[in-house]
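Trainee: Dropping a structure here in structure tokens format, bear with me for questions.
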Amino acid sequence: MSTLQSAAEAPAAEPGSDMTAAVAPVSSERKPTDGLECVFQRPASMTDKPLHYCPGCTHGIIHRLVAEMVDEFGLLEKTVGVCPVGCSVFAYEYFEFDGIQASHGRAPAVATAVKRCDPSRFVFTYQGDGDLAAIGMAETIWAAARGENITIFFVNNGIYGMTGGQMAPTTLIGQKTTTSPTGRDPLTTGLPIGMCELLATLPGVAYIARVPMSSPKGVNTAKKYMRKAVRAQLEHKGFSMVELLSTCPVQWGLTPVQAMKHIDEDVLKVYPAKVFVDRVDAT
Amino acid sequence: MSITCVESCNAPATPGRECTAAPSAPADGVAVERRLVKGNEALSLGAVHGGCEAFFGYPITPQNEIPEILSGLLPKLGRVFIQAESEVASINMIYGAAAAGHRAMTSSSSPGISLMMEGLSYIAGARLPCLIMNVMRGGPGLGNIAPSQSDYFQACKGGGHGDYHSIVLAPWNVQECFTFPALGFDLADRYRMPAFILADAVLGSMLEPATIPKEFPPIRRIEKEWATCGRGKRSHKNVVNSLHLDPEVLSEHNELLQATYREARREIRYDMRQAEDAEVLLVAFGISARVALSTVNLLRREGRKVGLLRPITLYPFPDAPLTELAARVKSMLVFELNSGQMVEDVRLAVNGRCPVHFYGKMGGVIPAPDELADVVRRIHSGKAEEKP
Ligand SMILES: Cc1ncc(C[n+]2csc(CCOP(=O)(O)OP(=O)(O)O)c2C)c(N)n1
Ligand code: SF4
């Protein structure tokens, strides 16, 4: 978790962004000892189960940010998290709030129903790019089109991690995967899909943003964006999604450090980081 | 609830065995009206009376009146109606609503139900109660919109992947279309498993007199301690899931599911007509049983000893009464609007104790009682060979 700790110690990400944003709220249950002040610890919404993710994978950091959101907004009692199929299939194991395991791609449909049946809940999905953009494309688009008051944390690592590194809808052109062994060829496999760009065209969306998880600055920005996405839901503004450009060093065949660099040097060119839609503060 | 027959029931097969047909009318003390009701309307109203809190569906003939009626009714009652983008989304919405502890349902017809099978398997794996109505039409593929019973296997034998079952109720008239949704929800909640109502295009579209309460009862929330509705004041989180990577753990989970299915055998329901002295027993469900009953009445007038057993729960299947009757009748004739699906369960119950014949029609063709009577006469006169 060294990346995460440096994230906490890092200076404010952007002008105007709040330095405390990267510091986890200190749970009142855990008291610092020996007169030391506790400035960083596990969010109360996170269990103490060791994460199963590969070294250098940012799934763990994103889990932490989700838990920090729930803590920060005081949502532990109200939250229902919908977990995907993919590497984060066990996400519910790491959270202290209620969790539902959805089948591959269907999390937005599951979340839609939970939220509609009880609008007082905070309902989010946590989905990979295979989950959200391939098999679950229809459910994703339709949840956004209906302006469902749910939040999606979209973890885009450009590959199918769990099943062994096959091509995803988001795989970059020329990228080698186990099912594009000579590199992704757009003539036969189409071009990478920008989900933020696609969903931003729909009037039902309240907030859409993309951010890389490759640096402390990115992590801080991610937290800022996620906070806005949560607010979109809490203020009944409609559908919100934050796309988090994530690593998969194992299936990319890179070291963790190279994987971070790959995001900055290659992935960001195809998937620019920005806020696409922000109707949260609109009057 | 009291268990009485729709119409006056004949003597049971074995002395002491109760007729286990489903309740035919609303409980005492509820203001009711008797009027002509269409099957699909009865299914819709029955769902609302049965406490349906959320409907998710996608249009398909011949059940479109159900979402049409519920799209007006449910929001008026402060409940949820969503016309989903597909059946795949519908069943996963049910999964979410059921996980959060709500009575959720869908209605569809054969091709739409096929699309729901993945979700249904997850629902079964996660032990979630819900209600699914299949107003069956002809298949396979796009088939046609005429009545059929060719989804018996799909409903009764799992349908999706993995070892699982759903409770399957088969109404044969509009009154049962009204009462079975509540029964389906109750059984689904009691056993934490999905429940089906297996109707067909005739039942959905026909008008019959039915007794319907004048007012909708309020929702009676059922406490589900496992529901993922947000922790609230609970000391622990709840998780709804069907993933168990450890083979020992999954095996244990599957054993639990199977034990539930054995327990659900308590709920076996069937209806018998003129079976006590029958020499040939007709076995049919749903709309086929209506044709079969007319055939029985026609042949009784000729002095032929013919009876009818109508399974009401297709799963769990009423095998015990069939086993008992097999020792007393000369033969059985299973009549279905398919190529022979329930007949397999009848043969298992009979286990060679008597010949079991089959007569089926596919593609939406419904034979008249005369046509079926000819088949029974041949069997009764010993002129028909039992075919495998
Ligand atoms: C219906 C269905 N099809 C295929 C699979 C196999 N499968 C499991 S995870 C996965 C890909 C997940 O990729 P992604 O969503 O990008 O998540 P990651 O593993 O990269 O975190 C696939 C295809 C499945 N579980 N269910
Ligand atoms: S396979 Fe890739 S996405 Fe999955 S845990 Fe490992 S690094 Fe992360």
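Naming works like this for the structure tokens: A, B, ... for the chains as they're shown, residue 1 at the start of each chain, ligands 1 onward in shown order.
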With a distance threshold of 8 Å and counting only C-alpha atoms, extract the residues of chain A near chain B and express them as a tab-separated table (two decimals) with all heavy atoms, in the first residue's frame.

Mentor:
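Printed below is iface_28.tsv as written:
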chain	number	residue	atom	x	y	z
A	76	LEU	N	-22.42	4.53	6.17
A	76	LEU	CA	-22.25	3.09	6.43
A	76	LEU	C	-23.58	2.35	6.59
A	76	LEU	O	-23.77	1.26	6.07
A	76	LEU	CB	-21.39	2.89	7.69
A	76	LEU	CG	-21.11	1.44	8.08
A	76	LEU	CD1	-20.24	0.74	7.06
A	76	LEU	CD2	-20.47	1.35	9.46
A	77	GLU	N	-24.51	2.95	7.30
A	77	GLU	CA	-25.79	2.28	7.58
A	77	GLU	C	-26.72	2.27	6.38
A	77	GLU	O	-27.69	1.53	6.34
A	77	GLU	CB	-26.49	2.97	8.75
A	77	GLU	CG	-25.74	2.79	10.05
A	77	GLU	CD	-26.40	3.52	11.21
A	77	GLU	OE1	-27.41	4.20	10.99
A	77	GLU	OE2	-25.88	3.39	12.32
A	78	LYS	N	-26.43	3.13	5.41
A	78	LYS	CA	-27.36	3.31	4.29
A	78	LYS	C	-26.84	2.72	2.99
A	78	LYS	O	-27.53	2.76	1.99
A	78	LYS	CB	-27.52	4.81	4.01
A	78	LYS	CG	-28.37	5.55	4.98
A	78	LYS	CD	-28.46	6.97	4.48
A	78	LYS	CE	-29.61	7.70	5.10
A	78	LYS	NZ	-29.87	8.94	4.37
A	79	THR	N	-25.60	2.26	2.99
A	79	THR	CA	-24.97	1.90	1.71
A	79	THR	C	-25.26	0.46	1.30
A	79	THR	O	-25.22	-0.45	2.13
A	79	THR	CB	-23.45	2.12	1.80
A	79	THR	OG1	-23.22	3.50	2.04
A	79	THR	CG2	-22.74	1.69	0.53
A	80	VAL	N	-25.55	0.30	0.02
A	80	VAL	CA	-25.58	-1.03	-0.58
A	80	VAL	C	-24.63	-0.98	-1.77
A	80	VAL	O	-24.86	-0.23	-2.73
A	80	VAL	CB	-26.99	-1.44	-1.04
A	80	VAL	CG1	-26.97	-2.85	-1.65
A	80	VAL	CG2	-27.98	-1.39	0.12
A	92	TYR	N	-16.99	-7.06	-1.79
A	92	TYR	CA	-17.84	-7.00	-0.59
A	92	TYR	C	-17.14	-7.55	0.66
A	92	TYR	O	-17.53	-7.24	1.76
A	92	TYR	CB	-19.17	-7.75	-0.83
A	92	TYR	CG	-18.99	-9.18	-1.27
A	92	TYR	CD1	-18.70	-10.18	-0.36
A	92	TYR	CD2	-19.08	-9.52	-2.62
A	92	TYR	CE1	-18.50	-11.49	-0.77
A	92	TYR	CE2	-18.90	-10.82	-3.04
A	92	TYR	CZ	-18.60	-11.80	-2.11
A	92	TYR	OH	-18.39	-13.09	-2.52
A	96	GLU	N	-17.51	-2.89	5.08
A	96	GLU	CA	-18.33	-3.17	6.27
A	96	GLU	C	-19.82	-2.97	6.01
A	96	GLU	O	-20.65	-3.22	6.86
A	96	GLU	CB	-17.90	-2.27	7.45
A	96	GLU	CG	-16.55	-2.62	8.04
A	96	GLU	CD	-16.57	-3.91	8.88
A	96	GLU	OE1	-17.62	-4.58	8.93
A	96	GLU	OE2	-15.52	-4.22	9.46
A	97	PHE	N	-20.15	-2.44	4.83
A	97	PHE	CA	-21.57	-2.21	4.53
A	97	PHE	C	-22.14	-3.37	3.73
A	97	PHE	O	-21.42	-4.26	3.30
A	97	PHE	CB	-21.76	-0.87	3.80
A	97	PHE	CG	-20.74	-0.59	2.74
A	97	PHE	CD1	-20.82	-1.20	1.50
A	97	PHE	CD2	-19.68	0.28	3.00
A	97	PHE	CE1	-19.88	-0.95	0.53
A	97	PHE	CE2	-18.73	0.53	2.01
A	97	PHE	CZ	-18.83	-0.09	0.78
A	98	ASP	N	-23.46	-3.35	3.54
A	98	ASP	CA	-24.14	-4.42	2.81
A	98	ASP	C	-23.64	-4.51	1.37
A	98	ASP	O	-23.37	-3.47	0.75
A	98	ASP	CB	-25.65	-4.17	2.79
A	98	ASP	CG	-26.31	-4.61	4.11
A	98	ASP	OD1	-25.59	-5.02	5.03
A	98	ASP	OD2	-27.55	-4.53	4.19
A	99	GLY	N	-23.56	-5.73	0.86
A	99	GLY	CA	-23.06	-5.91	-0.51
A	99	GLY	C	-23.85	-6.96	-1.26
A	99	GLY	O	-24.33	-7.93	-0.69
A	100	ILE	N	-23.99	-6.70	-2.55
A	100	ILE	CA	-24.66	-7.67	-3.42
A	100	ILE	C	-23.70	-8.03	-4.54
A	100	ILE	O	-23.10	-7.15	-5.16
A	100	ILE	CB	-25.95	-7.09	-4.05
A	100	ILE	CG1	-26.93	-6.62	-2.97
A	100	ILE	CG2	-26.61	-8.11	-4.97
A	100	ILE	CD1	-28.18	-5.95	-3.52
A	101	GLN	N	-23.60	-9.31	-4.80
A	101	GLN	CA	-22.77	-9.78	-5.90
A	101	GLN	C	-23.65	-9.86	-7.15
A	101	GLN	O	-24.63	-10.61	-7.15
A	101	GLN	CB	-22.24	-11.16	-5.54
A	101	GLN	CG	-21.68	-11.94	-6.68
A	101	GLN	CD	-20.32	-11.44	-7.02
A	101	GLN	OE1	-19.38	-11.73	-6.32
A	101	GLN	NE2	-20.21	-10.68	-8.09
A	102	ALA	N	-23.33	-9.09	-8.18
A	102	ALA	CA	-24.13	-9.15	-9.41
A	102	ALA	C	-23.48	-10.10	-10.40
A	102	ALA	O	-22.28	-10.35	-10.33
A	102	ALA	CB	-24.23	-7.76	-10.02
A	103	SER	N	-24.26	-10.60	-11.35
A	103	SER	CA	-23.65	-11.41	-12.40
A	103	SER	C	-22.93	-10.47	-13.37
A	103	SER	O	-23.11	-9.26	-13.34
A	103	SER	CB	-24.69	-12.27	-13.11
A	103	SER	OG	-25.71	-11.47	-13.67
A	106	ARG	N	-24.18	-6.99	-15.01
A	106	ARG	CA	-25.56	-6.61	-14.68
A	106	ARG	C	-25.69	-5.70	-13.47
A	106	ARG	O	-26.80	-5.38	-13.04
A	106	ARG	CB	-26.44	-7.84	-14.46
A	106	ARG	CG	-26.25	-8.95	-15.45
A	106	ARG	CD	-26.59	-8.57	-16.87
A	106	ARG	NE	-26.25	-9.64	-17.78
A	106	ARG	CZ	-25.80	-9.48	-19.01
A	106	ARG	NH1	-25.64	-8.28	-19.50
A	106	ARG	NH2	-25.51	-10.51	-19.76
A	107	ALA	N	-24.56	-5.28	-12.92
A	107	ALA	CA	-24.61	-4.49	-11.69
A	107	ALA	C	-25.51	-3.25	-11.80
A	107	ALA	O	-26.25	-2.95	-10.86
A	107	ALA	CB	-23.19	-4.10	-11.27
A	109	ALA	N	-28.25	-2.82	-13.40
A	109	ALA	CA	-29.65	-3.23	-13.29
A	109	ALA	C	-29.97	-3.57	-11.83
A	109	ALA	O	-31.02	-3.20	-11.30
A	109	ALA	CB	-29.94	-4.42	-14.20
A	110	VAL	N	-29.05	-4.29	-11.20
A	110	VAL	CA	-29.25	-4.68	-9.80
A	110	VAL	C	-29.34	-3.42	-8.93
A	110	VAL	O	-30.25	-3.26	-8.11
A	110	VAL	CB	-28.09	-5.59	-9.32
A	110	VAL	CG1	-28.18	-5.87	-7.83
A	110	VAL	CG2	-28.07	-6.89	-10.12
A	111	ALA	N	-28.41	-2.49	-9.16
A	111	ALA	CA	-28.38	-1.26	-8.37
A	111	ALA	C	-29.63	-0.42	-8.60
A	111	ALA	O	-30.17	0.18	-7.67
A	111	ALA	CB	-27.13	-0.45	-8.74
A	112	THR	N	-30.08	-0.39	-9.86
A	112	THR	CA	-31.30	0.36	-10.20
A	112	THR	C	-32.46	-0.08	-9.30
A	112	THR	O	-33.17	0.75	-8.73
A	112	THR	CB	-31.66	0.10	-11.68
A	112	THR	OG1	-30.68	0.72	-12.49
A	112	THR	CG2	-33.03	0.67	-12.03
A	113	ALA	N	-32.63	-1.39	-9.19
A	113	ALA	CA	-33.77	-1.90	-8.43
A	113	ALA	C	-33.63	-1.60	-6.94
A	113	ALA	O	-34.60	-1.21	-6.28
A	113	ALA	CB	-33.91	-3.40	-8.65
A	114	VAL	N	-32.41	-1.76	-6.42
A	114	VAL	CA	-32.21	-1.50	-4.98
A	114	VAL	C	-32.56	-0.04	-4.68
A	114	VAL	O	-33.29	0.27	-3.74
A	114	VAL	CB	-30.76	-1.80	-4.56
A	114	VAL	CG1	-30.53	-1.43	-3.10
A	114	VAL	CG2	-30.42	-3.27	-4.79
A	116	ARG	N	-34.41	2.11	-6.54
A	116	ARG	CA	-35.82	2.46	-6.78
A	116	ARG	C	-36.71	1.97	-5.64
A	116	ARG	O	-37.67	2.62	-5.28
A	116	ARG	CB	-36.31	1.85	-8.09
A	116	ARG	CG	-35.71	2.49	-9.30
A	116	ARG	CD	-36.44	3.76	-9.71
A	116	ARG	NE	-36.02	4.10	-11.05
A	116	ARG	CZ	-36.86	4.14	-12.11
A	116	ARG	NH1	-38.13	3.90	-11.96
A	116	ARG	NH2	-36.40	4.43	-13.29
A	117	CYS	N	-36.37	0.77	-5.12
A	117	CYS	CA	-37.20	0.21	-4.04
A	117	CYS	C	-36.99	0.98	-2.74
A	117	CYS	O	-37.88	1.02	-1.90
A	117	CYS	CB	-36.89	-1.27	-3.83
A	117	CYS	SG	-37.60	-2.31	-5.11
A	121	ARG	N	-31.41	4.89	0.25
A	121	ARG	CA	-30.11	4.19	0.35
A	121	ARG	C	-29.07	4.86	-0.54
A	121	ARG	O	-29.44	5.51	-1.52
A	121	ARG	CB	-30.25	2.73	-0.09
A	121	ARG	CG	-31.30	1.92	0.66
A	121	ARG	CD	-30.90	1.69	2.08
A	121	ARG	NE	-31.66	2.54	2.98
A	121	ARG	CZ	-31.71	2.41	4.29
A	121	ARG	NH1	-31.05	1.44	4.89
A	121	ARG	NH2	-32.41	3.24	5.02
A	138	ALA	N	-25.36	-2.62	-22.28
A	138	ALA	CA	-26.77	-2.19	-22.33
A	138	ALA	C	-27.23	-1.72	-20.96
A	138	ALA	O	-27.87	-0.67	-20.83
A	138	ALA	CB	-27.65	-3.33	-22.81
A	139	GLU	N	-26.89	-2.48	-19.93
A	139	GLU	CA	-27.32	-2.11	-18.57
A	139	GLU	C	-26.71	-0.77	-18.17
A	139	GLU	O	-27.36	0.05	-17.53
A	139	GLU	CB	-26.92	-3.19	-17.57
A	139	GLU	CG	-27.78	-4.46	-17.61
A	139	GLU	CD	-27.47	-5.36	-18.79
A	139	GLU	OE1	-26.47	-5.13	-19.50
A	139	GLU	OE2	-28.25	-6.32	-19.02
A	142	TRP	N	-28.38	2.10	-20.19
A	142	TRP	CA	-29.77	2.31	-19.80
A	142	TRP	C	-29.92	2.88	-18.39
A	142	TRP	O	-30.84	3.65	-18.13
A	142	TRP	CB	-30.58	1.04	-20.01
A	142	TRP	CG	-31.03	1.03	-21.43
A	142	TRP	CD1	-30.45	0.39	-22.49
A	142	TRP	CD2	-32.11	1.79	-21.98
A	142	TRP	NE1	-31.10	0.70	-23.65
A	142	TRP	CE2	-32.13	1.54	-23.37
A	142	TRP	CE3	-33.06	2.64	-21.43
A	142	TRP	CZ2	-33.06	2.13	-24.22
A	142	TRP	CZ3	-34.00	3.22	-22.27
A	142	TRP	CH2	-34.00	2.96	-23.64

Trainee: Write out as a ChimeraX atom specification each polymer residue whose atoms come within 8 Å of B:Arg35, counting only C-alpha atoms; drop sequence neighbours fewer than 6 positions from it.

Mentor: /B:208-212

Trainee: Could you save those same residues with N, CA, C and O atoms as a short mmCIF file (atom, residue, chain, number, x, y, z; two decimals), in the first residue's frame?

Mentor:
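And here is the file that came out, selection-v2.cif:
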data_model
loop_
_atom_site.label_atom_id
_atom_site.label_comp_id
_atom_site.auth_asym_id
_atom_site.auth_seq_id
_atom_site.Cartn_x
_atom_site.Cartn_y
_atom_site.Cartn_z
N GLU B 208 -63.19 -14.96 -17.97
CA GLU B 208 -64.00 -15.89 -17.16
C GLU B 208 -64.50 -15.13 -15.94
O GLU B 208 -63.85 -14.16 -15.51
N PRO B 209 -65.57 -15.59 -15.35
CA PRO B 209 -65.97 -14.96 -14.09
C PRO B 209 -64.96 -15.30 -12.99
O PRO B 209 -64.49 -16.44 -12.92
N ALA B 210 -64.62 -14.31 -12.19
CA ALA B 210 -63.72 -14.56 -11.07
C ALA B 210 -64.12 -13.67 -9.91
O ALA B 210 -64.73 -12.61 -10.12
N THR B 211 -63.80 -14.12 -8.72
CA THR B 211 -64.10 -13.34 -7.52
C THR B 211 -62.85 -12.56 -7.13
O THR B 211 -61.80 -13.16 -6.87
N ILE B 212 -62.97 -11.25 -7.14
CA ILE B 212 -61.82 -10.38 -6.92
C ILE B 212 -62.15 -9.39 -5.81
O ILE B 212 -63.24 -8.81 -5.82
#

Trainee: Write out as a ChimeraX atom specification all residues of stretch 11-184 of chain B that DSSP puts in helix (DSSP H, G or I) for this structure's backbone.

Mentor: /B:39-49,65-76,87-99,110-115,117-125,152-156,174-184

Trainee: Only C-alpha atoms, please: the residues just picked out, written as an mmCIF file, in the first residue's frame.

Mentor:
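again13.cif written:
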data_model
loop_
_atom_site.group_PDB
_atom_site.id
_atom_site.type_symbol
_atom_site.label_atom_id
_atom_site.label_comp_id
_atom_site.auth_asym_id
_atom_site.auth_seq_id
_atom_site.Cartn_x
_atom_site.Cartn_y
_atom_site.Cartn_z
ATOM 1 C CA GLY B 39 -56.454 -14.059 -17.400
ATOM 2 C CA ASN B 40 -53.651 -11.516 -17.786
ATOM 3 C CA GLU B 41 -55.679 -8.998 -15.777
ATOM 4 C CA ALA B 42 -56.186 -11.592 -13.041
ATOM 5 C CA LEU B 43 -52.449 -12.300 -12.958
ATOM 6 C CA SER B 44 -51.769 -8.559 -12.614
ATOM 7 C CA LEU B 45 -54.351 -7.946 -9.915
ATOM 8 C CA GLY B 46 -53.315 -11.112 -8.131
ATOM 9 C CA ALA B 47 -49.738 -9.867 -8.033
ATOM 10 C CA VAL B 48 -50.745 -6.564 -6.449
ATOM 11 C CA HIS B 49 -52.965 -8.367 -3.923
ATOM 12 C CA GLU B 65 -51.614 -6.603 -20.505
ATOM 13 C CA ILE B 66 -49.668 -7.500 -17.362
ATOM 14 C CA PRO B 67 -47.027 -4.732 -17.626
ATOM 15 C CA GLU B 68 -49.658 -2.435 -19.093
ATOM 16 C CA ILE B 69 -51.946 -2.833 -16.087
ATOM 17 C CA LEU B 70 -49.128 -2.778 -13.541
ATOM 18 C CA SER B 71 -47.561 0.347 -15.068
ATOM 19 C CA GLY B 72 -50.716 2.173 -14.020
ATOM 20 C CA LEU B 73 -51.420 0.431 -10.736
ATOM 21 C CA LEU B 74 -48.072 0.080 -9.003
ATOM 22 C CA PRO B 75 -46.930 3.737 -9.092
ATOM 23 C CA LYS B 76 -50.401 4.804 -7.908
ATOM 24 C CA GLU B 87 -35.393 -9.406 -20.055
ATOM 25 C CA VAL B 88 -31.756 -9.718 -19.017
ATOM 26 C CA ALA B 89 -32.003 -6.392 -17.208
ATOM 27 C CA SER B 90 -35.469 -7.252 -15.838
ATOM 28 C CA ILE B 91 -34.359 -10.407 -14.074
ATOM 29 C CA ASN B 92 -31.296 -8.660 -12.662
ATOM 30 C CA MET B 93 -33.493 -5.864 -11.361
ATOM 31 C CA ILE B 94 -35.537 -8.547 -9.646
ATOM 32 C CA TYR B 95 -32.307 -9.917 -8.230
ATOM 33 C CA GLY B 96 -31.506 -6.484 -6.758
ATOM 34 C CA ALA B 97 -34.991 -5.801 -5.404
ATOM 35 C CA ALA B 98 -35.275 -9.299 -3.930
ATOM 36 C CA ALA B 99 -31.805 -9.016 -2.384
ATOM 37 C CA SER B 110 -41.149 -18.077 -23.646
ATOM 38 C CA PRO B 111 -38.346 -16.279 -25.588
ATOM 39 C CA GLY B 112 -38.162 -13.624 -22.870
ATOM 40 C CA ILE B 113 -38.011 -16.244 -20.139
ATOM 41 C CA SER B 114 -35.081 -17.899 -21.936
ATOM 42 C CA LEU B 115 -33.161 -14.626 -21.609
ATOM 43 C CA MET B 117 -32.324 -17.966 -17.194
ATOM 44 C CA GLU B 118 -28.846 -16.737 -16.278
ATOM 45 C CA GLY B 119 -30.306 -14.316 -13.756
ATOM 46 C CA LEU B 120 -32.641 -16.944 -12.405
ATOM 47 C CA SER B 121 -29.737 -19.259 -11.729
ATOM 48 C CA TYR B 122 -28.048 -16.472 -9.744
ATOM 49 C CA ILE B 123 -31.306 -15.836 -7.868
ATOM 50 C CA ALA B 124 -31.529 -19.529 -6.996
ATOM 51 C CA GLY B 125 -27.853 -19.631 -6.029
ATOM 52 C CA TYR B 152 -42.250 -27.254 -18.705
ATOM 53 C CA PHE B 153 -38.678 -28.560 -18.736
ATOM 54 C CA GLN B 154 -37.249 -25.066 -18.524
ATOM 55 C CA ALA B 155 -39.416 -24.111 -15.549
ATOM 56 C CA CYS B 156 -39.315 -27.402 -13.648
ATOM 57 C CA VAL B 174 -58.802 -17.165 -14.361
ATOM 58 C CA GLN B 175 -59.623 -17.473 -10.670
ATOM 59 C CA GLU B 176 -56.359 -19.312 -10.102
ATOM 60 C CA CYS B 177 -54.580 -16.672 -12.189
ATOM 61 C CA PHE B 178 -55.745 -14.303 -9.475
ATOM 62 C CA THR B 179 -54.910 -16.429 -6.417
ATOM 63 C CA PHE B 180 -51.624 -17.999 -7.504
ATOM 64 C CA PRO B 181 -49.441 -14.870 -7.505
ATOM 65 C CA ALA B 182 -49.990 -14.421 -3.750
ATOM 66 C CA LEU B 183 -49.395 -18.126 -3.220
ATOM 67 C CA GLY B 184 -46.259 -17.922 -5.354
#

Trainee: Could you list, as an NGL selection string, all the residues within 6 Å of ligand 2, counting only C-alpha atoms and all ligand atoms?

Mentor: :A and (53-54 or 57 or 87 or 161-162 or 248-251)

Trainee: Taking only C-alpha atoms and all ligand atoms into account, report as a PDB file with C-alpha atoms, in the first residue's frame which residues have an atom no farther than 10 Å from an atom of ligand 1.

Mentor:
ATOM      1  CA  TYR A  53      -4.960  -7.981  -5.475  1.00  0.00           C
ATOM      2  CA  CYS A  57      -2.795  -3.128  -8.898  1.00  0.00           C
ATOM      3  CA  THR A  58      -4.851  -0.067  -8.054  1.00  0.00           C
ATOM      4  CA  HIS A  59      -8.054  -1.957  -7.238  1.00  0.00           C
ATOM      5  CA  PRO A  84     -18.986  -7.154 -10.205  1.00  0.00           C
ATOM      6  CA  VAL A  85     -17.513 -10.226 -11.793  1.00  0.00           C
ATOM      7  CA  GLY A  86     -13.810  -9.738 -12.439  1.00  0.00           C
ATOM      8  CA  CYS A  87     -10.789  -9.308 -10.206  1.00  0.00           C
ATOM      9  CA  SER A  88     -12.871  -7.307  -7.736  1.00  0.00           C
ATOM     10  CA  VAL A  89     -15.482 -10.058  -7.460  1.00  0.00           C
ATOM     11  CA  SER A 103     -23.653 -11.410 -12.401  1.00  0.00           C
ATOM     12  CA  HIS A 104     -21.200 -10.309 -15.082  1.00  0.00           C
ATOM     13  CA  GLY A 105     -22.187  -6.871 -16.381  1.00  0.00           C
ATOM     14  CA  ARG A 106     -25.562  -6.605 -14.685  1.00  0.00           C
ATOM     15  CA  TYR A 126     -17.991  -1.166  -8.717  1.00  0.00           C
ATOM     16  CA  GLN A 127     -17.211  -2.474 -12.198  1.00  0.00           C
ATOM     17  CA  GLY A 128     -14.320  -3.359 -14.464  1.00  0.00           C
ATOM     18  CA  ASP A 129     -14.133  -2.474 -18.151  1.00  0.00           C
ATOM     19  CA  GLY A 130     -15.122  -5.961 -19.316  1.00  0.00           C
ATOM     20  CA  ASP A 131     -18.030  -5.867 -16.912  1.00  0.00           C
ATOM     21  CA  LEU A 132     -19.245  -2.367 -17.736  1.00  0.00           C
ATOM     22  CA  ALA A 133     -18.315  -1.864 -21.396  1.00  0.00           C
ATOM     23  CA  ALA A 134     -18.607  -5.362 -22.917  1.00  0.00           C
ATOM     24  CA  ILE A 135     -21.208  -7.712 -21.481  1.00  0.00           C
ATOM     25  CA  GLY A 136     -22.901  -4.990 -19.427  1.00  0.00           C
ATOM     26  CA  PHE A 154     -15.667   2.226 -13.182  1.00  0.00           C
ATOM     27  CA  VAL A 155     -12.244   0.633 -12.899  1.00  0.00           C
ATOM     28  CA  ASN A 156     -10.700   0.655 -16.378  1.00  0.00           C
ATOM     29  CA  ASN A 157      -7.526  -1.394 -16.693  1.00  0.00           C
ATOM     30  CA  GLY A 158      -7.965  -1.994 -20.423  1.00  0.00           C
ATOM     31  CA  ILE A 159      -7.924  -5.767 -20.118  1.00  0.00           C
ATOM     32  CA  TYR A 160      -9.745  -8.720 -18.622  1.00  0.00           C
ATOM     33  CA  GLY A 161      -7.682  -9.268 -15.506  1.00  0.00           C
ATOM     34  CA  MET A 162      -9.390 -12.134 -13.783  1.00  0.00           C
ATOM     35  CA  THR A 163      -9.796 -14.460 -16.737  1.00  0.00           C
ATOM     36  CA  GLY A 164      -6.172 -14.177 -17.756  1.00  0.00           C
ATOM     37  CA  GLY A 165      -5.581 -11.022 -19.754  1.00  0.00           C
ATOM     38  CA  GLN A 166      -7.876 -11.212 -22.764  1.00  0.00           C
ATOM     39  CA  MET A 167      -8.796  -8.210 -24.907  1.00  0.00           C
ATOM     40  CA  ALA A 168     -11.333  -5.789 -23.463  1.00  0.00           C
ATOM     41  CA  PRO A 169     -13.453  -3.154 -25.251  1.00  0.00           C
ATOM     42  CA  THR A 170     -11.034  -0.610 -23.793  1.00  0.00           C
ATOM     43  CA  THR A 171      -7.817  -2.360 -24.881  1.00  0.00           C
ATOM     44  CA  SER A 246      -6.259   1.503 -13.290  1.00  0.00           C
ATOM     45  CA  THR A 247      -3.282  -0.817 -13.659  1.00  0.00           C
ATOM     46  CA  CYS A 248      -2.973  -4.499 -14.345  1.00  0.00           C
ATOM     47  CA  GLN A 251      -1.685  -9.106 -17.378  1.00  0.00           C
TER      48      GLN A 251
ATOM     49  CA  GLU B 118     -28.846 -16.737 -16.278  1.00  0.00           C
ATOM     50  CA  GLY B 119     -30.306 -14.316 -13.756  1.00  0.00           C
TER      51      GLY B 119
END

Trainee: May I have a table of the residues of stretch 237-322 of chain B lying at most 10 Å from stretch 329-335 of chain B, giving each one's closest pair of atoms and their distance in Å to one decimal, counting only C-alpha atoms, ordered by chain and ascending residue number, as a tab-separated table?

Mentor:
residue	atom	partner	partner_atom	distance
B:Ala275	CA	B:Val329	CA	8.8
B:Glu276	CA	B:Val329	CA	9.3
B:Asp277	CA	B:Val329	CA	8.0
B:Ala278	CA	B:Val329	CA	6.1
B:Glu279	CA	B:Val329	CA	4.6
B:Val280	CA	B:Ser331	CA	5.1
B:Leu281	CA	B:Met332	CA	4.7
B:Leu282	CA	B:Leu333	CA	4.8
B:Val283	CA	B:Val334	CA	4.7
B:Ala284	CA	B:Phe335	CA	5.3
B:Phe285	CA	B:Phe335	CA	8.2
B:Ser288	CA	B:Phe335	CA	6.7
B:Ala289	CA	B:Phe335	CA	8.0
B:Val291	CA	B:Phe335	CA	9.2
B:Ala292	CA	B:Phe335	CA	7.6
B:Lys305	CA	B:Val329	CA	9.7
B:Val306	CA	B:Val329	CA	9.4
B:Gly307	CA	B:Met332	CA	9.5
B:Leu308	CA	B:Leu333	CA	9.4
B:Leu309	CA	B:Val334	CA	9.6
B:Leu322	CA	B:Met332	CA	9.5
